[in-house]
file final.pdb (PDB, C-alpha atoms and all ligand atoms)
ATOM      1  CA  MET A   1      21.164  -9.194  11.204
ATOM      2  CA  ALA A   2      18.831 -10.482   8.467
ATOM      3  CA  GLN A   3      16.932  -7.955   6.413
ATOM      4  CA  ILE A   4      13.269  -8.395   5.589
ATOM      5  CA  ASN A   5      10.468  -6.388   3.986
ATOM      6  CA  VAL A   6       6.967  -6.281   5.500
ATOM      7  CA  VAL A   7       4.016  -5.832   3.137
ATOM      8  CA  THR A   8       0.345  -5.452   4.104
ATOM      9  CA  GLY A   9      -2.481  -6.205   1.664
ATOM     10  CA  ALA A  10      -0.377  -9.118   0.423
ATOM     11  CA  SER A  11      -3.279 -11.329  -0.672
ATOM     12  CA  SER A  12      -4.292  -9.135  -3.610
ATOM     13  CA  GLY A  13      -3.358  -6.418  -6.081
ATOM     14  CA  VAL A  14      -0.442  -4.116  -5.346
ATOM     15  CA  GLY A  15       0.598  -5.738  -2.071
ATOM     16  CA  ARG A  16       0.725  -9.200  -3.617
ATOM     17  CA  ALA A  17       2.644  -7.982  -6.677
ATOM     18  CA  LEU A  18       5.152  -6.153  -4.482
ATOM     19  CA  CYS A  19       5.803  -9.289  -2.413
ATOM     20  CA  LEU A  20       6.609 -11.145  -5.636
ATOM     21  CA  GLN A  21       8.813  -8.265  -6.817
ATOM     22  CA  PHE A  22      10.848  -8.327  -3.589
ATOM     23  CA  ALA A  23      11.204 -12.099  -3.780
ATOM     24  CA  ALA A  24      12.169 -11.998  -7.461
ATOM     25  CA  LYS A  25      15.033  -9.695  -6.400
ATOM     26  CA  GLY A  26      16.098 -12.291  -3.845
ATOM     27  CA  GLU A  27      14.767 -10.330  -0.849
ATOM     28  CA  ARG A  28      12.817 -11.788   2.079
ATOM     29  CA  VAL A  29       9.232 -10.691   2.712
ATOM     30  CA  LEU A  30       6.721 -10.996   5.531
ATOM     31  CA  ALA A  31       3.329 -10.947   3.777
ATOM     32  CA  LEU A  32       0.249  -9.859   5.756
ATOM     33  CA  ALA A  33      -3.498 -10.072   5.008
ATOM     34  CA  ARG A  34      -6.555 -11.924   6.327
ATOM     35  CA  ARG A  35      -7.068 -14.615   3.654
ATOM     36  CA  ALA A  36      -4.828 -17.549   4.542
ATOM     37  CA  ASP A  37      -5.502 -19.426   1.293
ATOM     38  CA  GLU A  38      -4.374 -16.506  -0.867
ATOM     39  CA  LEU A  39      -1.276 -16.034   1.288
ATOM     40  CA  GLU A  40      -0.362 -19.709   0.962
ATOM     41  CA  THR A  41      -0.624 -19.455  -2.835
ATOM     42  CA  LEU A  42       1.668 -16.421  -2.713
ATOM     43  CA  LYS A  43       4.172 -18.200  -0.478
ATOM     44  CA  ALA A  44       4.270 -21.180  -2.842
ATOM     45  CA  ALA A  45       5.877 -18.981  -5.519
ATOM     46  CA  PHE A  46       8.998 -18.367  -3.341
ATOM     47  CA  PRO A  47       8.738 -20.625  -0.273
ATOM     48  CA  HIS A  48      12.240 -19.761   0.997
ATOM     49  CA  LEU A  49      11.790 -15.987   0.740
ATOM     50  CA  ILE A  50       8.120 -15.330   1.556
ATOM     51  CA  ALA A  51       6.711 -15.870   5.051
ATOM     52  CA  VAL A  52       3.007 -15.252   5.628
ATOM     53  CA  VAL A  53       0.854 -14.319   8.590
ATOM     54  CA  PRO A  54      -2.933 -14.374   8.164
ATOM     55  CA  CYS A  55      -4.103 -11.535  10.405
ATOM     56  CA  ASP A  56      -6.704  -8.808  10.661
ATOM     57  CA  LEU A  57      -4.592  -5.647  10.737
ATOM     58  CA  ALA A  58      -7.625  -3.595  11.720
ATOM     59  CA  SER A  59      -7.309  -5.082  15.201
ATOM     60  CA  PRO A  60      -4.532  -4.644  17.782
ATOM     61  CA  ALA A  61      -4.348  -8.447  18.132
ATOM     62  CA  GLY A  62      -3.750  -8.829  14.409
ATOM     63  CA  ARG A  63      -0.923  -6.304  14.518
ATOM     64  CA  VAL A  64       0.618  -8.067  17.519
ATOM     65  CA  ALA A  65       0.530 -11.361  15.568
ATOM     66  CA  ALA A  66       2.218  -9.679  12.607
ATOM     67  CA  ALA A  67       5.019  -8.175  14.691
ATOM     68  CA  ALA A  68       5.529 -11.448  16.574
ATOM     69  CA  ALA A  69       6.274 -13.257  13.314
ATOM     70  CA  LEU A  70       9.560 -11.392  12.887
ATOM     71  CA  ARG A  71      12.568 -13.451  13.983
ATOM     72  CA  GLU A  72      14.886 -12.010  16.605
ATOM     73  CA  GLU A  73      17.615 -11.367  14.019
ATOM     74  CA  ASP A  74      15.283  -9.694  11.509
ATOM     75  CA  GLU A  75      15.499  -5.994  10.765
ATOM     76  CA  VAL A  76      12.902  -4.379   8.536
ATOM     77  CA  ARG A  77      14.260  -2.705   5.427
ATOM     78  CA  ALA A  78      10.869  -1.658   4.041
ATOM     79  CA  LEU A  79       7.401  -1.590   5.602
ATOM     80  CA  VAL A  80       4.766  -1.079   2.922
ATOM     81  CA  HIS A  81       1.158  -0.367   3.862
ATOM     82  CA  SER A  82      -0.991  -1.482   0.927
ATOM     83  CA  ALA A  83      -3.996  -2.943   2.825
ATOM     84  CA  ALA A  84      -7.112  -0.803   2.517
ATOM     85  CA  ILE A  85     -10.810  -0.954   1.786
ATOM     86  CA  ALA A  86     -12.803   1.439  -0.382
ATOM     87  CA  SER A  87     -16.419   0.812   0.527
ATOM     88  CA  LEU A  88     -18.937   3.067  -1.155
ATOM     89  CA  GLU A  89     -21.188   5.229   0.953
ATOM     90  CA  ASP A  90     -22.980   8.547   0.777
ATOM     91  CA  MET A  91     -21.772  10.684   3.704
ATOM     92  CA  ARG A  92     -25.405  11.133   4.773
ATOM     93  CA  GLU A  93     -25.689   7.388   5.371
ATOM     94  CA  MET A  94     -22.449   7.072   7.318
ATOM     95  CA  THR A  95     -22.709   5.219  10.626
ATOM     96  CA  SER A  96     -20.299   4.946  13.500
ATOM     97  CA  ALA A  97     -19.653   1.346  12.412
ATOM     98  CA  SER A  98     -18.927   2.194   8.775
ATOM     99  CA  TYR A  99     -16.671   5.075   9.802
ATOM    100  CA  HIS A 100     -14.698   2.899  12.218
ATOM    101  CA  ALA A 101     -14.409   0.016   9.751
ATOM    102  CA  MET A 102     -12.856   2.326   7.146
ATOM    103  CA  MET A 103     -10.499   4.101   9.524
ATOM    104  CA  ALA A 104      -9.441   0.901  11.303
ATOM    105  CA  ILE A 105      -7.740  -0.561   8.239
ATOM    106  CA  ASN A 106      -6.991   2.542   6.127
ATOM    107  CA  LEU A 107      -5.586   4.748   8.896
ATOM    108  CA  GLU A 108      -5.208   3.035  12.282
ATOM    109  CA  ALA A 109      -3.514  -0.060  10.849
ATOM    110  CA  PRO A 110      -0.664   1.819   9.123
ATOM    111  CA  LEU A 111      -0.255   4.229  12.050
ATOM    112  CA  PHE A 112      -0.015   1.576  14.737
ATOM    113  CA  LEU A 113       1.827  -1.086  12.757
ATOM    114  CA  THR A 114       4.496   1.515  11.973
ATOM    115  CA  ARG A 115       4.654   2.466  15.647
ATOM    116  CA  ASP A 116       4.965  -1.182  16.674
ATOM    117  CA  LEU A 117       7.637  -2.069  14.100
ATOM    118  CA  LEU A 118       9.801   1.052  14.475
ATOM    119  CA  PRO A 119      12.120  -0.664  16.977
ATOM    120  CA  ARG A 120      12.640  -3.426  14.374
ATOM    121  CA  MET A 121      13.442  -1.077  11.470
ATOM    122  CA  ALA A 122      16.893  -1.148   9.887
ATOM    123  CA  LYS A 123      19.038   1.999   9.838
ATOM    124  CA  GLY A 124      18.025   3.576   6.518
ATOM    125  CA  GLY A 125      14.730   1.667   6.638
ATOM    126  CA  ARG A 126      11.702   3.012   4.811
ATOM    127  CA  VAL A 127       7.975   3.039   5.440
ATOM    128  CA  LEU A 128       5.718   3.508   2.413
ATOM    129  CA  HIS A 129       2.044   4.500   2.480
ATOM    130  CA  LEU A 130      -0.162   3.629  -0.496
ATOM    131  CA  SER A 131      -1.937   6.881  -1.217
ATOM    132  CA  SER A 132      -4.518   7.821  -3.834
ATOM    133  CA  GLY A 133      -5.776  10.701  -5.920
ATOM    134  CA  SER A 134      -8.563  10.493  -3.348
ATOM    135  CA  ALA A 135      -6.188  12.030  -0.794
ATOM    136  CA  HIS A 136      -6.288  15.202  -2.892
ATOM    137  CA  ARG A 137      -9.816  15.386  -4.293
ATOM    138  CA  THR A 138     -13.140  13.743  -3.533
ATOM    139  CA  LEU A 139     -15.951  12.111  -5.495
ATOM    140  CA  ALA A 140     -19.583  11.449  -4.587
ATOM    141  CA  GLY A 141     -19.919   8.160  -2.720
ATOM    142  CA  ASN A 142     -16.224   8.064  -1.850
ATOM    143  CA  GLY A 143     -16.066  10.456   1.090
ATOM    144  CA  LEU A 144     -14.832   8.270   3.930
ATOM    145  CA  TYR A 145     -12.176   6.680   1.727
ATOM    146  CA  CYS A 146     -10.961  10.140   0.677
ATOM    147  CA  ILE A 147     -10.864  11.298   4.292
ATOM    148  CA  SER A 148      -8.851   8.230   5.307
ATOM    149  CA  LYS A 149      -6.321   8.724   2.496
ATOM    150  CA  ALA A 150      -5.986  12.470   3.146
ATOM    151  CA  ALA A 151      -5.267  11.731   6.807
ATOM    152  CA  LEU A 152      -2.746   9.043   5.842
ATOM    153  CA  LEU A 153      -0.916  11.542   3.644
ATOM    154  CA  MET A 154      -0.617  13.960   6.563
ATOM    155  CA  ALA A 155       0.535  11.061   8.741
ATOM    156  CA  LYS A 156       3.527  10.666   6.425
ATOM    157  CA  ASP A 157       4.683  14.225   7.186
ATOM    158  CA  ALA A 158       3.865  13.831  10.884
ATOM    159  CA  TRP A 159       6.031  10.698  11.094
ATOM    160  CA  ASN A 160       8.918  12.386   9.289
ATOM    161  CA  ALA A 161       8.788  15.353  11.673
ATOM    162  CA  ASP A 162       9.083  13.045  14.673
ATOM    163  CA  LEU A 163      11.542  10.605  13.064
ATOM    164  CA  ALA A 164      14.025  13.262  11.914
ATOM    165  CA  GLY A 165      17.550  11.952  12.497
ATOM    166  CA  SER A 166      16.328   8.450  13.394
ATOM    167  CA  GLY A 167      17.422   6.841  10.118
ATOM    168  CA  VAL A 168      13.858   5.845   9.191
ATOM    169  CA  THR A 169      12.008   7.723   6.438
ATOM    170  CA  VAL A 170       8.323   7.616   5.506
ATOM    171  CA  GLY A 171       7.070   8.126   1.955
ATOM    172  CA  SER A 172       3.766   8.100   0.118
ATOM    173  CA  ALA A 173       2.870   6.995  -3.404
ATOM    174  CA  MET A 174      -0.218   6.976  -5.612
ATOM    175  CA  PRO A 175      -0.397   3.739  -7.634
ATOM    176  CA  GLY A 176      -2.727   5.130 -10.305
ATOM    177  CA  VAL A 177      -5.797   3.251 -11.481
ATOM    178  CA  VAL A 178      -5.014  -0.381 -10.715
ATOM    179  CA  ILE A 179      -6.618  -3.443 -12.307
ATOM    180  CA  GLY A 180      -8.373  -5.375  -9.523
ATOM    181  CA  PRO A 181     -11.288  -5.571  -7.113
ATOM    182  CA  MET A 182     -11.302  -1.903  -6.042
ATOM    183  CA  GLN A 183     -11.704  -0.608  -9.595
ATOM    184  CA  ASP A 184     -14.155  -3.424 -10.438
ATOM    185  CA  ALA A 185     -16.412  -2.333  -7.558
ATOM    186  CA  ALA A 186     -16.145   1.364  -8.418
ATOM    187  CA  ARG A 187     -17.388   0.719 -11.966
ATOM    188  CA  GLU A 188     -20.589  -0.956 -10.731
ATOM    189  CA  ASN A 189     -23.838   0.837 -11.566
ATOM    190  CA  ASP A 190     -24.764   1.566  -7.976
ATOM    191  CA  HIS A 191     -21.694   3.741  -7.442
ATOM    192  CA  PRO A 192     -22.667   7.408  -7.869
ATOM    193  CA  SER A 193     -19.304   8.100  -9.498
ATOM    194  CA  SER A 194     -19.205   4.959 -11.657
ATOM    195  CA  ALA A 195     -18.982   7.082 -14.830
ATOM    196  CA  VAL A 196     -15.616   8.423 -13.664
ATOM    197  CA  PHE A 197     -14.270   4.921 -13.081
ATOM    198  CA  LEU A 198     -15.728   3.589 -16.347
ATOM    199  CA  GLY A 199     -13.935   6.494 -18.020
ATOM    200  CA  PHE A 200     -10.594   5.407 -16.525
ATOM    201  CA  ARG A 201     -11.085   1.977 -18.080
ATOM    202  CA  ASP A 202     -12.355   3.262 -21.418
ATOM    203  CA  ASP A 203      -9.469   5.754 -21.660
ATOM    204  CA  GLY A 204      -6.999   2.873 -21.215
ATOM    205  CA  ARG A 205      -5.603   4.190 -17.927
ATOM    206  CA  LEU A 206      -5.781   0.917 -15.975
ATOM    207  CA  ILE A 207      -2.397  -0.300 -14.740
ATOM    208  CA  ARG A 208      -1.394  -3.860 -13.823
ATOM    209  CA  PRO A 209      -0.368  -4.361 -10.184
ATOM    210  CA  GLU A 210       2.972  -5.745 -11.392
ATOM    211  CA  ARG A 211       3.766  -2.367 -13.005
ATOM    212  CA  VAL A 212       2.895  -0.604  -9.780
ATOM    213  CA  ALA A 213       5.215  -2.972  -7.926
ATOM    214  CA  GLU A 214       8.086  -2.055 -10.274
ATOM    215  CA  PHE A 215       7.437   1.625  -9.544
ATOM    216  CA  LEU A 216       7.303   1.107  -5.778
ATOM    217  CA  TYR A 217      10.437  -1.032  -5.785
ATOM    218  CA  TRP A 218      12.332   1.700  -7.656
ATOM    219  CA  LEU A 219      10.967   4.336  -5.278
ATOM    220  CA  LEU A 220      12.031   2.336  -2.209
ATOM    221  CA  ARG A 221      15.478   1.406  -3.452
ATOM    222  CA  SER A 222      16.687   4.132  -5.796
ATOM    223  CA  THR A 223      15.636   7.513  -4.382
ATOM    224  CA  GLY A 224      17.424   9.588  -1.751
ATOM    225  CA  ASP A 225      15.746  10.079   1.632
ATOM    226  CA  GLU A 226      14.697  13.681   0.971
ATOM    227  CA  ALA A 227      13.134  12.826  -2.394
ATOM    228  CA  PHE A 228      11.483   9.689  -1.006
ATOM    229  CA  ALA A 229       9.798  11.671   1.780
ATOM    230  CA  ALA A 230       8.688  14.580  -0.395
ATOM    231  CA  GLY A 231       5.067  15.032  -1.462
ATOM    232  CA  ASP A 232       2.935  12.208  -2.800
ATOM    233  CA  TRP A 233       4.681  10.254  -5.586
ATOM    234  CA  ASN A 234       2.403   9.798  -8.608
ATOM    235  CA  ILE A 235       2.891   6.865 -10.978
ATOM    236  CA  PHE A 236       1.427   8.981 -13.802
ATOM    237  CA  ASP A 237       4.153  11.642 -13.392
ATOM    238  CA  GLU A 238       6.318  11.080 -16.483
ATOM    239  CA  ALA A 239       9.291  12.893 -14.926
ATOM    240  CA  HIS A 240      10.453   9.663 -13.228
ATOM    241  CA  HIS A 241       9.432   7.138 -15.908
ATOM    242  CA  ALA A 242      12.863   7.026 -17.527
ATOM    243  CA  GLU A 243      14.256   5.848 -14.179
ATOM    244  CA  TRP A 244      12.210   2.657 -13.934
ATOM    245  CA  LEU A 245       9.573   2.140 -16.657
ATOM    246  CA  ASP A 246      10.362  -0.290 -19.457
ATOM    247  CA  GLY A 247       7.368  -0.479 -21.811
ATOM    248  CA  PRO A 248       3.894   1.046 -21.628
ATOM    249  CA  LEU A 249       2.583   2.174 -18.235
ATOM    250  CA  SER A 250      -0.995   0.985 -18.767
ATOM    251  CA  GLY A 251      -2.470  -2.247 -20.012
TER     252      GLY A 251
HETATM  253  N1  LIG B 301      -6.934  -0.044  -6.959
HETATM  254  C1  LIG B 301      -6.782   1.220  -7.284
HETATM  255  O1  LIG B 301      -7.144   1.657  -8.385
HETATM  256  C2  LIG B 301      -6.146   2.167  -6.305
HETATM  257  C3  LIG B 301      -6.064   3.521  -6.630
HETATM  258  C4  LIG B 301      -5.471   4.402  -5.739
HETATM  259  C5  LIG B 301      -4.959   3.915  -4.543
HETATM  260  N2  LIG B 301      -5.066   2.590  -4.238
HETATM  261  C6  LIG B 301      -4.522   2.119  -2.968
HETATM  262  O2  LIG B 301      -3.525   1.161  -3.246
HETATM  263  C7  LIG B 301      -3.539   0.126  -2.259
HETATM  264  C8  LIG B 301      -3.654  -1.237  -2.911
HETATM  265  O3  LIG B 301      -4.846  -1.306  -3.660
HETATM  266  P1  LIG B 301      -5.237  -2.679  -4.395
HETATM  267  O4  LIG B 301      -5.961  -2.339  -5.629
HETATM  268  O5  LIG B 301      -4.054  -3.565  -4.439
HETATM  269  O6  LIG B 301      -6.302  -3.266  -3.338
HETATM  270  P2  LIG B 301      -6.964  -4.736  -3.238
HETATM  271  O7  LIG B 301      -6.562  -5.586  -4.390
HETATM  272  O8  LIG B 301      -8.409  -4.528  -2.948
HETATM  273  O9  LIG B 301      -6.247  -5.344  -1.939
HETATM  274  C9  LIG B 301      -6.525  -4.860  -0.668
HETATM  275  C10 LIG B 301      -5.746  -5.702   0.318
HETATM  276  O10 LIG B 301      -6.013  -5.225   1.646
HETATM  277  C11 LIG B 301      -6.165  -6.367   2.487
HETATM  278  N3  LIG B 301      -6.977  -6.018   3.643
HETATM  279  C12 LIG B 301      -8.183  -5.382   3.665
HETATM  280  N4  LIG B 301      -8.662  -5.304   4.918
HETATM  281  C13 LIG B 301      -7.723  -5.904   5.708
HETATM  282  C14 LIG B 301      -7.634  -6.161   7.109
HETATM  283  N5  LIG B 301      -8.621  -5.799   7.959
HETATM  284  N6  LIG B 301      -6.538  -6.779   7.590
HETATM  285  C15 LIG B 301      -5.542  -7.168   6.749
HETATM  286  N7  LIG B 301      -5.570  -6.956   5.418
HETATM  287  C16 LIG B 301      -6.651  -6.341   4.905
HETATM  288  C17 LIG B 301      -6.849  -7.394   1.589
HETATM  289  O11 LIG B 301      -6.591  -8.706   2.041
HETATM  290  P3  LIG B 301      -7.635  -9.648   2.814
HETATM  291  O12 LIG B 301      -8.997  -9.387   2.255
HETATM  292  O13 LIG B 301      -7.107 -11.010   2.534
HETATM  293  O14 LIG B 301      -7.485  -9.266   4.247
HETATM  294  C18 LIG B 301      -6.086  -7.174   0.283
HETATM  295  O15 LIG B 301      -4.892  -7.932   0.278
HETATM  296  C19 LIG B 301      -4.670   0.479  -1.307
HETATM  297  O16 LIG B 301      -4.133   1.162  -0.194
HETATM  298  C20 LIG B 301      -5.543   1.398  -2.122
HETATM  299  O17 LIG B 301      -6.275   2.289  -1.303
HETATM  300  C21 LIG B 301      -5.638   1.713  -5.093
END
call {"tool": "encode", "arguments": {"input": "final.pdb", "output": "structure tokens"}}
result
Amino acid sequence: MAQINVVTGASSGVGRALCLQFAAKGERVLALARRADELETLKAAFPHLIAVVPCDLASPAGRVAAAAALREEDEVRALVHSAAIASLEDMREMTSASYHAMMAINLEAPLFLTRDLLPRMAKGGRVLHLSSGSAHRTLAGNGLYCISKAALLMAKDAWNADLAGSGVTVGSAMPGVVIGPMQDAARENDHPSSAVFLGFRDDGRLIRPERVAEFLYWLLRSTGDEAFAAGDWNIFDEAHHAEWLDGPLSG
């Protein structure tokens, strides 16, 4: 069998950085996102290790295309769900369409892609959900995102209950405040909680995606199953920094 890692959200931010981290370690990756041009640029960095599939993971057809790209001999060592959106909306203005758009990529995509790829997972394989402080507390204008991340965190425990003894473990990790389009949008004036996000930047808390990728790689490869599955790993928790962090966390 040939081992491979599957990463969603691979065209940007954490997902992209994690694909490069896997490849830099000599590991194969299947990189998933919608933007074909960004995926091709990613692939060009390690053409022999990174395969790409442009697909909309919010749709069943997109998930079928992703699963179909695995070769018969491939077994998935890690499946990392980084794809998400964080559109800004007051709960009073929520529509059926805005609700479904958020849940389709933030919740349905990880749930059903995991379900579909379970038969292809390696013994000892790991699924990782990208969580958020928003799974634990909410902010004005961020409600649907928070609801999606809180549900995803519960999904981690639900999977582990049903997968007990199967050899596959599901974990969850908060990447902190990551430099990139999500934080850029949250600092815009029209966000009711923009002061909070401006504060993150002004307090020097922003973290490069490459740092997050180092954290996630350590979490996937160097923790035991029980520890991996426990709680919601927080990049800001200094208790594990000595295990993987070389240099400052932020900046
Ligand atoms: N950024 C932060 O500060 C922060 C904080 C806490 C938690 N998180 C979580 O960490 C994860 C990564 O965040 P990030 O900052 O790296 O985000 P990002 O840079 O905005 O990237 C999001 C990724 O999701 C993909 N995506 C969105 N909709 C998709 C769809 N329908 N089908 C396939 N792919 C789709 C995008 O690719 P395409 O547009 O090409 O499809 C992109 O690659 C997310 O789960 C986020 O919720 C982020």
call {"tool": "closest_residue", "arguments": {"input": "final.pdb", "among": "A:Ser59, A:Ser194, A:Gln3, A:Ser82", "to": "A:Ala140", "atoms": "all atoms listed in the file"}}
result
A:Ser194
call {"tool": "residues_near_ligand", "arguments": {"input": "final.pdb", "ligand": "ligand LIG 301 (chain B)", "cutoff": "8 Å", "atoms": "only C-alpha atoms and all ligand atoms", "output": "ChimeraX atom specification"}}
result
/A:8-16,32-36,38-39,54-59,62,81-86,104-106,129-134,145,149,174-183,206,209
call {"tool": "residues_around", "arguments": {"input": "final.pdb", "residues": "A:Ala51", "least_positions_apart": "4", "cutoff": "8 Å", "atoms": "all atoms listed in the file", "output": "VMD selection string"}}
result
chain A and resid 28 to 31 43 47
call {"tool": "closest_residue", "arguments": {"input": "final.pdb", "among": "A:His48, A:Lys123, A:Arg201, A:His136", "to": "A:Gly165", "atoms": "all atoms listed in the file"}}
result
A:Lys123
call {"tool": "closest_residue", "arguments": {"input": "final.pdb", "among": "A:Ala155, A:Arg115, A:Thr169, A:Leu88", "to": "A:Leu139", "atoms": "all atoms listed in the file"}}
result
A:Leu88
call {"tool": "atom_distance", "arguments": {"input": "final.pdb", "atom1": "atom CA of A:Ala97", "atom2": "atom CA of A:Pro110"}}
result
19.3 Å
call {"tool": "resolve_selection", "arguments": {"input": "final.pdb", "expression": "the PyMOL selection byres (((chain A and resi 91) around 12) and not hetatm)", "output": "compact mmCIF listing (two decimals) with C-alpha atoms, in the coordinates of the input"}}
result
# COMPACT_ATOMS: atom_id res chain seq x y z
CA SER A 87 -16.42 0.81 0.53
CA LEU A 88 -18.94 3.07 -1.16
CA GLU A 89 -21.19 5.23 0.95
CA ASP A 90 -22.98 8.55 0.78
CA ARG A 92 -25.40 11.13 4.77
CA GLU A 93 -25.69 7.39 5.37
CA MET A 94 -22.45 7.07 7.32
CA THR A 95 -22.71 5.22 10.63
CA SER A 96 -20.30 4.95 13.50
CA SER A 98 -18.93 2.19 8.78
CA TYR A 99 -16.67 5.08 9.80
CA THR A 138 -13.14 13.74 -3.53
CA LEU A 139 -15.95 12.11 -5.50
CA ALA A 140 -19.58 11.45 -4.59
CA GLY A 141 -19.92 8.16 -2.72
CA ASN A 142 -16.22 8.06 -1.85
CA GLY A 143 -16.07 10.46 1.09
CA LEU A 144 -14.83 8.27 3.93
CA TYR A 145 -12.18 6.68 1.73
CA CYS A 146 -10.96 10.14 0.68
CA ILE A 147 -10.86 11.30 4.29
call {"tool": "atom_distance", "arguments": {"input": "final.pdb", "atom1": "atom CA of A:Val168", "atom2": "atom CA of A:Asp74"}}
result
15.8 Å
call {"tool": "residues_near_point", "arguments": {"input": "final.pdb", "point": "(4.5, 14.6, 8.0)", "cutoff": "12 Å", "atoms": "all atoms listed in the file", "output": "list in words"}}
result
His129, Ala150, Ala151, Leu152, Leu153, Met154, Ala155, Lys156, Asp157, Ala158, Trp159, Asn160, Ala161, Asp162, Leu163, Ala164, Thr169, Val170, Gly171, Ser172, Ala229, Ala230, Gly231 and Asp232 of chain A
call {"tool": "write_last_selection", "arguments": {"input": "final.pdb", "atoms": "C-alpha atoms", "output": "compact mmCIF listing (two decimals), in the coordinates of the input"}}
result
# COMPACT_ATOMS: atom_id res chain seq x y z
CA HIS A 129 2.04 4.50 2.48
CA ALA A 150 -5.99 12.47 3.15
CA ALA A 151 -5.27 11.73 6.81
CA LEU A 152 -2.75 9.04 5.84
CA LEU A 153 -0.92 11.54 3.64
CA MET A 154 -0.62 13.96 6.56
CA ALA A 155 0.54 11.06 8.74
CA LYS A 156 3.53 10.67 6.42
CA ASP A 157 4.68 14.22 7.19
CA ALA A 158 3.86 13.83 10.88
CA TRP A 159 6.03 10.70 11.09
CA ASN A 160 8.92 12.39 9.29
CA ALA A 161 8.79 15.35 11.67
CA ASP A 162 9.08 13.04 14.67
CA LEU A 163 11.54 10.60 13.06
CA ALA A 164 14.02 13.26 11.91
CA THR A 169 12.01 7.72 6.44
CA VAL A 170 8.32 7.62 5.51
CA GLY A 171 7.07 8.13 1.96
CA SER A 172 3.77 8.10 0.12
CA ALA A 229 9.80 11.67 1.78
CA ALA A 230 8.69 14.58 -0.40
CA GLY A 231 5.07 15.03 -1.46
CA ASP A 232 2.94 12.21 -2.80
call {"tool": "closest_residue", "arguments": {"input": "final.pdb", "among": "A:Val53, A:Phe215, A:Asp190, A:Arg208", "to": "A:Glu238", "atoms": "all atoms listed in the file"}}
result
A:Phe215
call {"tool": "atom_distance", "arguments": {"input": "final.pdb", "atom1": "atom CA of A:Phe112", "atom2": "atom CA of A:Ala24"}}
result
28.7 Å
call {"tool": "residues_around", "arguments": {"input": "final.pdb", "residues": "A:Gly167", "least_positions_apart": "6", "cutoff": "10 Å", "atoms": "only C-alpha atoms", "output": "list in words"}}
result
Met121, Ala122, Lys123, Gly124, Gly125, Arg126 and Asp225 of chain A
call {"tool": "write_last_selection", "arguments": {"input": "final.pdb", "atoms": "C-alpha atoms", "output": "compact mmCIF listing (two decimals), in the frame of the given file"}}
result
# COMPACT_ATOMS: atom_id res chain seq x y z
CA MET A 121 13.44 -1.08 11.47
CA ALA A 122 16.89 -1.15 9.89
CA LYS A 123 19.04 2.00 9.84
CA GLY A 124 18.02 3.58 6.52
CA GLY A 125 14.73 1.67 6.64
CA ARG A 126 11.70 3.01 4.81
CA ASP A 225 15.75 10.08 1.63
call {"tool": "closest_residue", "arguments": {"input": "final.pdb", "among": "A:Ala173, A:Met102, A:Leu245, A:Ala186", "to": "A:Ala135", "atoms": "only C-alpha atoms"}}
result
A:Ala173
call {"tool": "closest_residue", "arguments": {"input": "final.pdb", "among": "A:Ser222, A:Arg211, A:Ala69, A:Leu118", "to": "A:Ala17", "atoms": "all atoms listed in the file"}}
result
A:Arg211
call {"tool": "resolve_selection", "arguments": {"input": "final.pdb", "expression": "the PyMOL selection byres (((chain A and resi 220) around 9) and not hetatm)", "output": "ChimeraX atom specification"}}
result
/A:78,126-128,171,215-219,221-223,228
